[in-house]
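Asks: What follows is query06.cif, made up of mmCIF, C-alpha atoms (C1' of nucleotides):
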```
data_input
loop_
_atom_site.group_PDB
_atom_site.id
_atom_site.type_symbol
_atom_site.label_atom_id
_atom_site.label_comp_id
_atom_site.auth_asym_id
_atom_site.auth_seq_id
_atom_site.Cartn_x
_atom_site.Cartn_y
_atom_site.Cartn_z
ATOM 1 C CA MET A 26 -55.231 139.113 -8.482
ATOM 2 C CA PRO A 27 -57.674 139.140 -5.655
ATOM 3 C CA ARG A 28 -57.932 136.369 -3.249
ATOM 4 C CA ILE A 29 -59.980 133.624 -4.771
ATOM 5 C CA ARG A 30 -62.436 133.002 -2.090
ATOM 6 C CA HIS A 31 -64.074 129.923 -3.476
ATOM 7 C CA GLU A 32 -63.037 128.136 -6.574
ATOM 8 C CA ARG A 33 -66.637 127.226 -7.183
ATOM 9 C CA PHE A 34 -69.566 129.474 -6.524
ATOM 10 C CA ASP A 35 -72.203 126.811 -6.178
ATOM 11 C CA CYS A 36 -70.925 125.770 -2.801
ATOM 12 C CA SER A 37 -73.870 127.299 -1.110
ATOM 13 C CA PRO A 38 -76.924 129.358 -2.064
ATOM 14 C CA GLY A 39 -75.356 132.560 -0.797
ATOM 15 C CA CYS A 40 -72.198 132.192 -2.768
ATOM 16 C CA THR A 41 -72.836 134.924 -5.272
ATOM 17 C CA VAL A 42 -72.502 137.172 -2.260
ATOM 18 C CA GLU A 43 -68.953 135.972 -1.886
ATOM 19 C CA GLY A 44 -68.532 136.239 -5.609
ATOM 20 C CA THR A 45 -69.298 139.936 -5.526
ATOM 21 C CA LEU A 46 -67.062 140.355 -2.541
ATOM 22 C CA ARG A 47 -64.257 138.860 -4.531
ATOM 23 C CA TYR A 48 -64.389 141.810 -6.890
ATOM 24 C CA ILE A 49 -64.334 144.565 -4.341
ATOM 25 C CA ASP A 50 -62.113 142.814 -1.879
ATOM 26 C CA GLY A 51 -58.664 144.270 -1.741
ATOM 27 C CA LYS A 52 -57.414 146.768 0.677
ATOM 28 C CA TRP A 53 -58.103 149.886 -1.339
ATOM 29 C CA LYS A 54 -60.581 148.845 -4.006
ATOM 30 C CA GLY A 55 -63.611 150.156 -2.226
ATOM 31 C CA VAL A 56 -62.079 153.588 -1.874
ATOM 32 C CA VAL A 57 -60.776 153.618 -5.417
ATOM 33 C CA LEU A 58 -64.175 152.745 -6.809
ATOM 34 C CA TYR A 59 -65.772 155.295 -4.583
ATOM 35 C CA HIS A 60 -63.569 158.031 -5.937
ATOM 36 C CA LEU A 61 -64.052 156.943 -9.503
ATOM 37 C CA PHE A 62 -67.804 157.306 -9.114
ATOM 38 C CA GLU A 63 -67.051 161.007 -9.059
ATOM 39 C CA GLY A 64 -65.582 160.792 -12.507
ATOM 40 C CA THR A 65 -62.452 160.063 -14.468
ATOM 41 C CA LEU A 66 -59.226 160.516 -12.579
ATOM 42 C CA ARG A 67 -55.559 160.372 -13.363
ATOM 43 C CA PHE A 68 -53.232 158.091 -11.471
ATOM 44 C CA ASN A 69 -51.796 160.720 -9.211
ATOM 45 C CA GLU A 70 -55.161 162.284 -8.613
ATOM 46 C CA ILE A 71 -56.323 159.028 -7.125
ATOM 47 C CA ARG A 72 -53.101 158.743 -5.244
ATOM 48 C CA ARG A 73 -53.521 162.117 -3.641
ATOM 49 C CA ARG A 74 -57.022 161.169 -2.577
ATOM 50 C CA ILE A 75 -55.746 158.055 -0.827
ATOM 51 C CA PRO A 76 -52.499 159.153 0.730
ATOM 52 C CA ASN A 77 -52.088 156.048 2.872
ATOM 53 C CA CYS A 78 -51.938 153.804 -0.134
ATOM 54 C CA THR A 79 -48.498 153.275 -1.564
ATOM 55 C CA GLN A 80 -47.859 153.691 -5.235
ATOM 56 C CA ARG A 81 -47.245 150.020 -5.725
ATOM 57 C CA MET A 82 -50.446 149.029 -3.971
ATOM 58 C CA LEU A 83 -52.466 151.543 -5.933
ATOM 59 C CA THR A 84 -51.070 150.173 -9.157
ATOM 60 C CA ASN A 85 -51.946 146.673 -8.033
ATOM 61 C CA GLN A 86 -55.487 147.524 -7.103
ATOM 62 C CA LEU A 87 -56.046 149.412 -10.336
ATOM 63 C CA ARG A 88 -54.672 146.532 -12.352
ATOM 64 C CA GLU A 89 -56.953 144.084 -10.601
ATOM 65 C CA LEU A 90 -59.974 146.275 -11.089
ATOM 66 C CA GLU A 91 -59.061 146.633 -14.726
ATOM 67 C CA ALA A 92 -58.588 142.893 -15.138
ATOM 68 C CA ASP A 93 -62.023 142.386 -13.626
ATOM 69 C CA GLY A 94 -63.506 144.744 -16.174
ATOM 70 C CA LEU A 95 -64.620 147.274 -13.620
ATOM 71 C CA ILE A 96 -62.441 150.178 -14.670
ATOM 72 C CA ALA A 97 -60.904 151.349 -17.921
ATOM 73 C CA ARG A 98 -57.374 152.586 -18.306
ATOM 74 C CA LYS A 99 -56.645 155.088 -21.025
ATOM 75 C CA ILE A 100 -53.069 155.915 -21.799
ATOM 76 C CA TYR A 101 -52.166 159.133 -23.533
ATOM 77 C CA PRO A 102 -48.839 158.588 -25.247
ATOM 78 C CA GLU A 103 -47.552 161.944 -24.180
ATOM 79 C CA VAL A 104 -44.198 162.561 -22.826
ATOM 80 C CA PRO A 105 -45.121 163.505 -19.348
ATOM 81 C CA PRO A 106 -47.083 160.283 -18.993
ATOM 82 C CA LYS A 107 -50.814 160.648 -18.670
ATOM 83 C CA VAL A 108 -53.146 157.832 -17.739
ATOM 84 C CA GLU A 109 -56.786 158.208 -16.991
ATOM 85 C CA TYR A 110 -58.946 155.806 -15.072
ATOM 86 C CA SER A 111 -62.679 155.617 -15.374
ATOM 87 C CA LEU A 112 -65.451 153.185 -14.587
ATOM 88 C CA THR A 113 -66.751 150.788 -17.164
ATOM 89 C CA PRO A 114 -70.505 150.199 -17.326
ATOM 90 C CA ARG A 115 -69.899 147.047 -15.335
ATOM 91 C CA GLY A 116 -68.011 149.024 -12.751
ATOM 92 C CA ARG A 117 -70.715 151.640 -12.658
ATOM 93 C CA SER A 118 -73.276 148.928 -12.043
ATOM 94 C CA LEU A 119 -71.596 148.370 -8.705
ATOM 95 C CA GLU A 120 -72.817 151.722 -7.538
ATOM 96 C CA PRO A 121 -75.819 150.389 -5.588
ATOM 97 C CA VAL A 122 -73.520 147.929 -3.869
ATOM 98 C CA ILE A 123 -70.971 150.531 -2.892
ATOM 99 C CA THR A 124 -73.784 152.796 -1.823
ATOM 100 C CA ALA A 125 -75.259 150.087 0.378
ATOM 101 C CA LEU A 126 -71.872 149.513 1.921
ATOM 102 C CA LYS A 127 -71.446 153.211 2.514
ATOM 103 C CA VAL A 128 -74.895 153.666 4.001
ATOM 104 C CA TRP A 129 -74.350 150.869 6.470
ATOM 105 C CA GLY A 130 -70.852 152.076 7.187
ATOM 106 C CA ASP A 131 -71.942 155.622 7.828
ATOM 107 C CA ALA A 132 -74.480 154.328 10.302
ATOM 108 C CA ASN A 133 -72.455 151.564 11.898
ATOM 109 C CA VAL A 134 -68.786 152.083 11.384
ATOM 110 C CA THR A 135 -68.381 154.530 14.164
ATOM 111 C CA LEU A 136 -65.088 156.103 13.439
ATOM 112 C CA ALA A 137 -64.205 154.723 16.798
ATOM 113 C CA PRO A 138 -63.545 157.425 19.371
ATOM 114 C CA GLU A 139 -60.292 155.953 20.536
ATOM 115 C CA VAL A 140 -59.331 155.394 16.947
ATOM 116 C CA SER A 141 -60.127 158.835 15.683
ATOM 117 C CA GLN A 142 -58.145 160.466 18.436
ATOM 118 C CA ALA A 143 -55.352 158.029 19.183
ATOM 119 C CA ALA A 144 -55.045 156.094 15.958
ATOM 120 C CA ALA A 145 -52.323 154.079 17.617
ATOM 121 C CA MET B 19 -59.603 138.845 13.928
ATOM 122 C CA PRO B 20 -60.379 140.182 10.514
ATOM 123 C CA ARG B 21 -57.848 141.879 8.460
ATOM 124 C CA ILE B 22 -57.611 145.436 9.596
ATOM 125 C CA ARG B 23 -57.916 147.233 6.364
ATOM 126 C CA HIS B 24 -57.233 150.707 7.586
ATOM 127 C CA GLU B 25 -56.395 151.650 11.088
ATOM 128 C CA ARG B 26 -58.192 154.907 10.532
ATOM 129 C CA PHE B 27 -61.478 155.240 8.741
ATOM 130 C CA ASP B 28 -61.280 158.927 8.093
ATOM 131 C CA CYS B 29 -58.485 158.493 5.622
ATOM 132 C CA SER B 30 -60.727 159.262 2.714
ATOM 133 C CA PRO B 31 -64.373 160.131 2.126
ATOM 134 C CA GLY B 32 -65.177 156.634 0.938
ATOM 135 C CA CYS B 33 -63.634 154.929 3.892
ATOM 136 C CA THR B 34 -66.834 153.844 5.558
ATOM 137 C CA VAL B 35 -67.195 151.626 2.523
ATOM 138 C CA GLU B 36 -64.012 149.897 3.531
ATOM 139 C CA GLY B 37 -65.194 149.957 7.102
ATOM 140 C CA THR B 38 -68.257 147.935 6.207
ATOM 141 C CA LEU B 39 -66.170 145.628 4.126
ATOM 142 C CA ARG B 40 -64.018 144.968 7.138
ATOM 143 C CA TYR B 41 -66.986 143.368 8.868
ATOM 144 C CA ILE B 42 -68.012 141.049 6.106
ATOM 145 C CA ASP B 43 -64.554 140.311 4.851
ATOM 146 C CA GLY B 44 -63.400 136.853 5.661
ATOM 147 C CA LYS B 45 -63.598 133.917 3.454
ATOM 148 C CA TRP B 46 -66.898 132.558 4.694
ATOM 149 C CA LYS B 47 -68.599 135.420 6.466
ATOM 150 C CA GLY B 48 -70.835 136.360 3.605
ATOM 151 C CA VAL B 49 -72.189 132.865 3.326
ATOM 152 C CA VAL B 50 -72.560 132.457 7.053
ATOM 153 C CA LEU B 51 -74.543 135.670 7.311
ATOM 154 C CA TYR B 52 -76.595 134.675 4.347
ATOM 155 C CA HIS B 53 -77.604 131.438 5.988
ATOM 156 C CA LEU B 54 -78.333 133.076 9.298
ATOM 157 C CA PHE B 55 -80.789 135.394 7.602
ATOM 158 C CA GLU B 56 -82.928 132.275 7.310
ATOM 159 C CA GLY B 57 -83.003 131.944 11.058
ATOM 160 C CA THR B 58 -81.163 130.564 14.034
ATOM 161 C CA LEU B 59 -78.853 127.685 13.307
ATOM 162 C CA ARG B 60 -76.711 125.311 15.309
ATOM 163 C CA PHE B 61 -73.028 124.974 14.657
ATOM 164 C CA ASN B 62 -73.238 121.788 12.687
ATOM 165 C CA GLU B 63 -76.248 122.987 10.782
ATOM 166 C CA ILE B 64 -74.164 125.840 9.436
ATOM 167 C CA ARG B 65 -71.327 123.470 8.817
ATOM 168 C CA ARG B 66 -73.440 121.179 6.724
ATOM 169 C CA ARG B 67 -74.618 124.143 4.667
ATOM 170 C CA ILE B 68 -71.034 125.145 3.895
ATOM 171 C CA PRO B 69 -69.263 121.852 3.398
ATOM 172 C CA ASN B 70 -66.104 123.402 1.941
ATOM 173 C CA CYS B 71 -65.418 125.311 5.102
ATOM 174 C CA THR B 72 -63.348 123.496 7.657
ATOM 175 C CA GLN B 73 -64.447 123.318 11.239
ATOM 176 C CA ARG B 74 -61.600 125.534 12.354
ATOM 177 C CA MET B 75 -62.388 128.202 9.800
ATOM 178 C CA LEU B 76 -66.066 128.147 10.625
ATOM 179 C CA THR B 77 -65.276 128.601 14.291
ATOM 180 C CA ASN B 78 -62.983 131.494 13.414
ATOM 181 C CA GLN B 79 -65.511 133.235 11.255
ATOM 182 C CA LEU B 80 -68.262 132.802 13.813
ATOM 183 C CA ARG B 81 -66.033 134.140 16.560
ATOM 184 C CA GLU B 82 -65.170 137.182 14.513
ATOM 185 C CA LEU B 83 -68.770 137.846 13.621
ATOM 186 C CA GLU B 84 -69.644 137.512 17.272
ATOM 187 C CA ALA B 85 -66.854 139.843 18.338
ATOM 188 C CA ASP B 86 -68.147 142.372 15.831
ATOM 189 C CA GLY B 87 -71.584 142.162 17.374
ATOM 190 C CA LEU B 88 -73.220 140.806 14.264
ATOM 191 C CA ILE B 89 -74.267 137.428 15.588
ATOM 192 C CA ALA B 90 -75.196 136.038 18.976
ATOM 193 C CA ARG B 91 -73.962 132.765 20.345
ATOM 194 C CA LYS B 92 -76.180 130.940 22.773
ATOM 195 C CA ILE B 93 -74.786 127.978 24.615
ATOM 196 C CA TYR B 94 -77.092 125.386 26.085
ATOM 197 C CA PRO B 95 -75.212 123.690 28.898
ATOM 198 C CA GLU B 96 -76.443 120.304 27.893
ATOM 199 C CA VAL B 97 -74.370 117.276 27.676
ATOM 200 C CA PRO B 98 -74.445 116.787 23.986
ATOM 201 C CA PRO B 99 -73.241 120.318 23.457
ATOM 202 C CA LYS B 100 -75.715 122.622 21.811
ATOM 203 C CA VAL B 101 -74.846 126.056 20.539
ATOM 204 C CA GLU B 102 -77.140 128.250 18.549
ATOM 205 C CA TYR B 103 -76.151 131.144 16.363
ATOM 206 C CA SER B 104 -78.473 133.942 15.409
ATOM 207 C CA LEU B 105 -78.236 137.446 14.062
ATOM 208 C CA THR B 106 -78.210 140.410 16.356
ATOM 209 C CA PRO B 107 -80.202 143.483 15.302
ATOM 210 C CA ARG B 108 -76.939 144.943 14.098
ATOM 211 C CA GLY B 109 -76.295 141.846 12.055
ATOM 212 C CA ARG B 110 -79.799 141.906 10.678
ATOM 213 C CA SER B 111 -79.277 145.501 9.608
ATOM 214 C CA LEU B 112 -76.712 144.190 7.165
ATOM 215 C CA GLU B 113 -79.457 142.542 5.176
ATOM 216 C CA PRO B 114 -79.731 145.294 2.534
ATOM 217 C CA VAL B 115 -75.988 145.139 2.082
ATOM 218 C CA ILE B 116 -75.889 141.403 1.644
ATOM 219 C CA THR B 117 -78.886 141.638 -0.627
ATOM 220 C CA ALA B 118 -77.153 144.252 -2.786
ATOM 221 C CA LEU B 119 -74.109 142.016 -2.982
ATOM 222 C CA LYS B 120 -76.257 139.079 -3.934
ATOM 223 C CA VAL B 121 -78.230 140.964 -6.559
ATOM 224 C CA TRP B 122 -75.067 142.163 -8.262
ATOM 225 C CA GLY B 123 -73.504 138.749 -7.917
ATOM 226 C CA ASP B 124 -76.489 136.962 -9.397
ATOM 227 C CA ALA B 125 -76.279 139.271 -12.390
ATOM 228 C CA ASN B 126 -72.538 139.487 -12.771
ATOM 229 C CA VAL B 127 -70.810 136.580 -11.123
ATOM 230 C CA THR B 128 -71.232 134.074 -13.877
ATOM 231 C CA LEU B 129 -71.095 130.740 -12.219
ATOM 232 C CA ALA B 130 -68.569 128.869 -14.263
ATOM 233 C CA PRO B 131 -70.213 126.889 -17.096
ATOM 234 C CA GLU B 132 -69.979 123.481 -15.526
ATOM 235 C CA VAL B 133 -71.241 125.016 -12.344
ATOM 236 C CA SER B 134 -74.253 126.777 -13.790
ATOM 237 C CA GLN B 135 -75.611 123.583 -15.259
ATOM 238 C CA ALA B 136 -75.406 121.933 -11.875
ATOM 239 C CA ALA B 137 -77.201 124.921 -10.424
ATOM 240 C CA ALA B 138 -79.950 124.570 -13.027
ATOM 241 C "C1'" DG C 15 -26.513 170.412 -14.091
ATOM 242 C "C1'" DC C 16 -30.268 169.492 -10.793
ATOM 243 C "C1'" DA C 17 -34.553 168.576 -9.017
ATOM 244 C "C1'" DC C 18 -39.367 167.697 -9.955
ATOM 245 C "C1'" DA C 19 -43.472 165.541 -11.851
ATOM 246 C "C1'" DT C 20 -45.518 161.712 -14.374
ATOM 247 C "C1'" DA C 21 -46.776 156.662 -14.086
ATOM 248 C "C1'" DG C 22 -45.173 153.239 -13.065
ATOM 249 C "C1'" DT C 23 -41.862 148.390 -11.939
ATOM 250 C "C1'" DG C 24 -38.804 145.155 -8.969
ATOM 251 C "C1'" DT C 25 -37.394 143.149 -4.980
ATOM 252 C "C1'" DC C 26 -37.496 142.000 -0.246
ATOM 253 C "C1'" DG C 27 -39.558 140.599 3.921
ATOM 254 C "C1'" DA C 28 -43.073 140.554 7.631
ATOM 255 C "C1'" DA C 29 -47.563 139.431 8.843
ATOM 256 C "C1'" DA C 30 -51.920 137.590 8.212
ATOM 257 C "C1'" DA C 31 -55.150 134.419 6.317
ATOM 258 C "C1'" DG C 32 -56.372 130.029 5.426
ATOM 259 C "C1'" DG C 33 -56.024 124.720 5.033
ATOM 260 C "C1'" DA C 34 -54.894 119.960 6.941
ATOM 261 C "C1'" DT C 35 -54.890 117.144 10.531
ATOM 262 C "C1'" DA C 36 -55.228 115.445 15.043
ATOM 263 C "C1'" DC C 37 -57.229 115.729 19.415
ATOM 264 C "C1'" DC C 38 -60.708 116.707 23.536
ATOM 265 C "C1'" DG C 39 -64.812 115.139 26.923
ATOM 266 C "C1'" DC C 40 -69.178 113.263 27.096
ATOM 267 C "C1'" DA C 41 -73.580 110.724 26.036
ATOM 268 C "C1'" DA C 42 -76.250 107.712 23.415
ATOM 269 C "C1'" DT C 43 -76.335 104.072 20.244
ATOM 270 C "C1'" DG C 44 -75.093 99.491 18.405
ATOM 271 C "C1'" DC D 5 -66.451 97.674 23.959
ATOM 272 C "C1'" DA D 6 -66.398 100.662 19.758
ATOM 273 C "C1'" DT D 7 -68.524 104.249 17.087
ATOM 274 C "C1'" DT D 8 -70.978 108.394 16.223
ATOM 275 C "C1'" DG D 9 -72.387 113.134 16.936
ATOM 276 C "C1'" DC D 10 -71.725 117.389 19.451
ATOM 277 C "C1'" DG D 11 -68.821 121.792 19.433
ATOM 278 C "C1'" DG D 12 -65.105 122.873 19.488
ATOM 279 C "C1'" DT D 13 -58.948 123.384 20.249
ATOM 280 C "C1'" DA D 14 -54.146 122.928 19.165
ATOM 281 C "C1'" DT D 15 -50.523 122.592 16.066
ATOM 282 C "C1'" DC D 16 -48.262 122.967 11.871
ATOM 283 C "C1'" DC D 17 -47.637 124.615 7.416
ATOM 284 C "C1'" DT D 18 -48.420 127.114 2.935
ATOM 285 C "C1'" DT D 19 -50.234 130.872 0.462
ATOM 286 C "C1'" DT D 20 -51.510 135.521 0.037
ATOM 287 C "C1'" DT D 21 -51.312 140.196 1.178
ATOM 288 C "C1'" DC D 22 -49.256 144.255 2.119
ATOM 289 C "C1'" DG D 23 -45.754 147.733 3.113
ATOM 290 C "C1'" DA D 24 -40.991 149.793 2.529
ATOM 291 C "C1'" DC D 25 -37.822 151.110 -0.461
ATOM 292 C "C1'" DA D 26 -35.262 151.777 -4.518
ATOM 293 C "C1'" DC D 27 -35.306 152.335 -9.376
ATOM 294 C "C1'" DT D 28 -36.843 153.562 -14.351
ATOM 295 C "C1'" DA D 29 -37.479 157.228 -18.639
ATOM 296 C "C1'" DT D 30 -38.691 161.550 -20.285
ATOM 297 C "C1'" DG D 31 -39.579 166.541 -20.440
ATOM 298 C "C1'" DT D 32 -39.788 170.989 -18.146
ATOM 299 C "C1'" DG D 33 -38.332 174.637 -15.193
ATOM 300 C "C1'" DC D 34 -34.509 176.866 -12.492
#
```
Represent the structure from my file as structure tokens, please.
Replies:
Amino acid sequence: MPRIRHERFDCSPGCTVEGTLRYIDGKWKGVVLYHLFEGTLRFNEIRRRIPNCTQRMLTNQLRELEADGLIARKIYPEVPPKVEYSLTPRGRSLEPVITALKVWGDANVTLAPEVSQAAA
Amino acid sequence: MPRIRHERFDCSPGCTVEGTLRYIDGKWKGVVLYHLFEGTLRFNEIRRRIPNCTQRMLTNQLRELEADGLIARKIYPEVPPKVEYSLTPRGRSLEPVITALKVWGDANVTLAPEVSQAAA
DNA sequence: GCACATAGTGTCGAAAAGGATACCGCAATG
DNA sequence: CATTGCGGTATCCTTTTCGACACTATGTGC
């Protein structure tokens, strides 16, 4: 479950902003959503796209996104397990938001020079 | 200091999304930014607009936003202290992002029933 | 028989975020 | 003299988040 940022969302006129943030807040949710905009992916396909994320964390994030109705989880009862993740319409409706975040990020999140080389 | 979501932002194609999130992540940053879009505000003016936020947390969030170059802090060396907060150009450039968050939130973050009647 | 791939789960512990409360100096106000 | 408003700090504590690591069952290939 994501951090519950405010138990009530009428605290202030801008609180739906925080409300949206509550859905995409979580260390890897933004990236997961981003990759799912490309299309349906299996668990390990996502995992390979986000190598820094541990299996347990990925499971957590996917479960939270599913609980929030943003992604759908389809299990194929085969014997090498197969699970596919895809966006729900609600999840897909986040696209402009993610896009806005990406646009700003591309312009402003300078993959910091000292970070990109040292990454200490 | 905000949570450092990823020490590297080249981990995955969608990582600038997370990079942007890093700036606005923090329990009250979204609301603070939202209010500052209205114009310059003094410390206690912001505080009164976000009554659920404690003084310590507000100070923290403002300091982080300042450190990230999103807001400017102007101190008037008067004897009843006076400090004004305003957006920097960089902060103002976040407006489309905050707006996208708000638009989605207004449509999808259903203010809990008892809340939405109060908001009506 | 052994390792590998699949999609997870369980437990532990460190670190960070966030909340509660008390305190600061100073001026004006009552 | 006491209180209020200003813009914070300092301290303590709880909750949440996140990462490391080990473990599961099943089927296939070697």
Asks: As an mmCIF file with C-alpha atoms, keeping the file's coordinate frame, please: chain A after a least-squares superposition onto chain B using all C-alpha atoms matched in order.
Replies:
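Final output, superposed_34.cif:
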```
data_model
loop_
_atom_site.group_PDB
_atom_site.id
_atom_site.type_symbol
_atom_site.label_atom_id
_atom_site.label_comp_id
_atom_site.auth_asym_id
_atom_site.auth_seq_id
_atom_site.Cartn_x
_atom_site.Cartn_y
_atom_site.Cartn_z
ATOM 1 C CA MET A 26 -59.760 138.363 13.001
ATOM 2 C CA PRO A 27 -60.569 139.703 9.608
ATOM 3 C CA ARG A 28 -58.042 141.307 7.470
ATOM 4 C CA ILE A 29 -57.587 144.858 8.579
ATOM 5 C CA ARG A 30 -57.951 146.652 5.377
ATOM 6 C CA HIS A 31 -56.962 150.094 6.499
ATOM 7 C CA GLU A 32 -55.744 150.986 9.903
ATOM 8 C CA ARG A 33 -57.394 154.349 9.547
ATOM 9 C CA PHE A 34 -60.709 154.956 7.902
ATOM 10 C CA ASP A 35 -60.215 158.590 7.053
ATOM 11 C CA CYS A 36 -57.822 157.772 4.274
ATOM 12 C CA SER A 37 -60.351 158.691 1.698
ATOM 13 C CA PRO A 38 -63.996 159.774 1.575
ATOM 14 C CA GLY A 39 -65.150 156.324 0.536
ATOM 15 C CA CYS A 40 -63.438 154.537 3.341
ATOM 16 C CA THR A 41 -66.504 153.639 5.324
ATOM 17 C CA VAL A 42 -67.258 151.443 2.350
ATOM 18 C CA GLU A 43 -64.104 149.528 3.094
ATOM 19 C CA GLY A 44 -64.965 149.643 6.748
ATOM 20 C CA THR A 45 -68.202 147.795 6.141
ATOM 21 C CA LEU A 46 -66.426 145.380 3.883
ATOM 22 C CA ARG A 47 -64.081 144.591 6.702
ATOM 23 C CA TYR A 48 -66.970 143.153 8.670
ATOM 24 C CA ILE A 49 -68.390 140.909 6.017
ATOM 25 C CA ASP A 50 -65.113 140.000 4.438
ATOM 26 C CA GLY A 51 -64.082 136.471 5.155
ATOM 27 C CA LYS A 52 -64.615 133.528 2.986
ATOM 28 C CA TRP A 53 -67.884 132.338 4.455
ATOM 29 C CA LYS A 54 -69.259 135.286 6.394
ATOM 30 C CA GLY A 55 -71.653 136.396 3.728
ATOM 31 C CA VAL A 56 -73.227 132.970 3.533
ATOM 32 C CA VAL A 57 -73.329 132.556 7.284
ATOM 33 C CA LEU A 58 -75.078 135.872 7.730
ATOM 34 C CA TYR A 59 -77.426 135.041 4.937
ATOM 35 C CA HIS A 60 -78.487 131.845 6.622
ATOM 36 C CA LEU A 61 -78.836 133.487 9.985
ATOM 37 C CA PHE A 62 -81.294 135.974 8.525
ATOM 38 C CA GLU A 63 -83.618 133.001 8.373
ATOM 39 C CA GLY A 64 -83.411 132.607 12.100
ATOM 40 C CA THR A 65 -81.441 131.073 14.918
ATOM 41 C CA LEU A 66 -79.358 128.078 13.984
ATOM 42 C CA ARG A 67 -77.214 125.576 15.779
ATOM 43 C CA PHE A 68 -73.612 125.025 14.819
ATOM 44 C CA ASN A 69 -74.169 121.885 12.842
ATOM 45 C CA GLU A 70 -77.248 123.270 11.190
ATOM 46 C CA ILE A 71 -75.129 126.009 9.715
ATOM 47 C CA ARG A 72 -72.493 123.498 8.850
ATOM 48 C CA ARG A 73 -74.902 121.357 6.915
ATOM 49 C CA ARG A 74 -76.052 124.401 4.991
ATOM 50 C CA ILE A 75 -72.495 125.195 3.941
ATOM 51 C CA PRO A 76 -70.968 121.819 3.275
ATOM 52 C CA ASN A 77 -67.847 123.186 1.606
ATOM 53 C CA CYS A 78 -66.800 125.019 4.711
ATOM 54 C CA THR A 79 -64.662 123.040 7.092
ATOM 55 C CA GLN A 80 -65.491 122.888 10.745
ATOM 56 C CA ARG A 81 -62.466 124.898 11.696
ATOM 57 C CA MET A 82 -63.231 127.635 9.201
ATOM 58 C CA LEU A 83 -66.840 127.818 10.295
ATOM 59 C CA THR A 84 -65.750 128.193 13.885
ATOM 60 C CA ASN A 85 -63.362 130.937 12.860
ATOM 61 C CA GLN A 86 -65.928 132.863 10.901
ATOM 62 C CA LEU A 87 -68.488 132.573 13.674
ATOM 63 C CA ARG A 88 -65.974 133.751 16.231
ATOM 64 C CA GLU A 89 -65.081 136.753 14.121
ATOM 65 C CA LEU A 90 -68.691 137.650 13.551
ATOM 66 C CA GLU A 91 -69.301 137.327 17.254
ATOM 67 C CA ALA A 92 -66.291 139.474 18.097
ATOM 68 C CA ASP A 93 -67.623 142.110 15.726
ATOM 69 C CA GLY A 94 -70.932 142.090 17.544
ATOM 70 C CA LEU A 95 -72.891 140.860 14.576
ATOM 71 C CA ILE A 96 -74.018 137.524 15.949
ATOM 72 C CA ALA A 97 -74.768 136.147 19.390
ATOM 73 C CA ARG A 98 -73.652 132.784 20.649
ATOM 74 C CA LYS A 99 -75.767 131.055 23.242
ATOM 75 C CA ILE A 100 -74.409 127.988 24.920
ATOM 76 C CA TYR A 101 -76.717 125.505 26.560
ATOM 77 C CA PRO A 102 -74.705 123.666 29.182
ATOM 78 C CA GLU A 103 -76.195 120.357 28.242
ATOM 79 C CA VAL A 104 -74.290 117.246 27.841
ATOM 80 C CA PRO A 105 -74.709 116.756 24.177
ATOM 81 C CA PRO A 106 -73.381 120.250 23.557
ATOM 82 C CA LYS A 107 -75.844 122.731 22.165
ATOM 83 C CA VAL A 108 -74.905 126.142 20.856
ATOM 84 C CA GLU A 109 -77.217 128.480 19.083
ATOM 85 C CA TYR A 110 -76.244 131.335 16.843
ATOM 86 C CA SER A 111 -78.444 134.279 16.095
ATOM 87 C CA LEU A 112 -78.098 137.791 14.767
ATOM 88 C CA THR A 113 -77.711 140.730 17.066
ATOM 89 C CA PRO A 114 -79.587 143.927 16.212
ATOM 90 C CA ARG A 115 -76.349 145.204 14.746
ATOM 91 C CA GLY A 116 -76.060 142.100 12.642
ATOM 92 C CA ARG A 117 -79.655 142.392 11.570
ATOM 93 C CA SER A 118 -79.012 145.957 10.489
ATOM 94 C CA LEU A 119 -76.749 144.533 7.820
ATOM 95 C CA GLU A 120 -79.735 143.072 6.077
ATOM 96 C CA PRO A 121 -80.073 145.852 3.480
ATOM 97 C CA VAL A 122 -76.396 145.467 2.693
ATOM 98 C CA ILE A 123 -76.572 141.725 2.258
ATOM 99 C CA THR A 124 -79.729 142.168 0.252
ATOM 100 C CA ALA A 125 -78.038 144.669 -2.039
ATOM 101 C CA LEU A 126 -75.167 142.278 -2.510
ATOM 102 C CA LYS A 127 -77.555 139.462 -3.269
ATOM 103 C CA VAL A 128 -79.629 141.486 -5.701
ATOM 104 C CA TRP A 129 -76.578 142.501 -7.671
ATOM 105 C CA GLY A 130 -75.188 139.003 -7.472
ATOM 106 C CA ASP A 131 -78.370 137.404 -8.691
ATOM 107 C CA ALA A 132 -78.327 139.730 -11.662
ATOM 108 C CA ASN A 133 -74.617 139.765 -12.383
ATOM 109 C CA VAL A 134 -72.906 136.786 -10.901
ATOM 110 C CA THR A 135 -73.824 134.446 -13.651
ATOM 111 C CA LEU A 136 -73.189 131.095 -12.162
ATOM 112 C CA ALA A 137 -70.785 130.794 -15.007
ATOM 113 C CA PRO A 138 -71.791 128.132 -17.508
ATOM 114 C CA GLU A 139 -68.417 126.485 -17.580
ATOM 115 C CA VAL A 140 -68.293 126.715 -13.832
ATOM 116 C CA SER A 141 -71.686 125.273 -13.139
ATOM 117 C CA GLN A 142 -71.037 122.296 -15.349
ATOM 118 C CA ALA A 143 -67.315 121.686 -15.070
ATOM 119 C CA ALA A 144 -66.461 123.237 -11.738
ATOM 120 C CA ALA A 145 -62.877 122.258 -12.386
#
```
Asks: Please report, as AutoDock Vina command-line options, the centre and edge lengths in Å to one decimal of an axis-aligned box covering all listed atoms of region 93-102 of chain B with 5 Å per side.
Replies:
```
--center_x -75.2 --center_y 122.5 --center_z 23.7 --size_x 13.9 --size_y 21.5 --size_z 20.3
```
Asks: Selected by the PyMOL selection byres ((chain C and resi 27-31) around 8) in the shown coordinates: which residues, as a list in words?
Replies: Arg21 of chain B; DC26 and DG32 of chain C; DT20 and DT21 of chain D
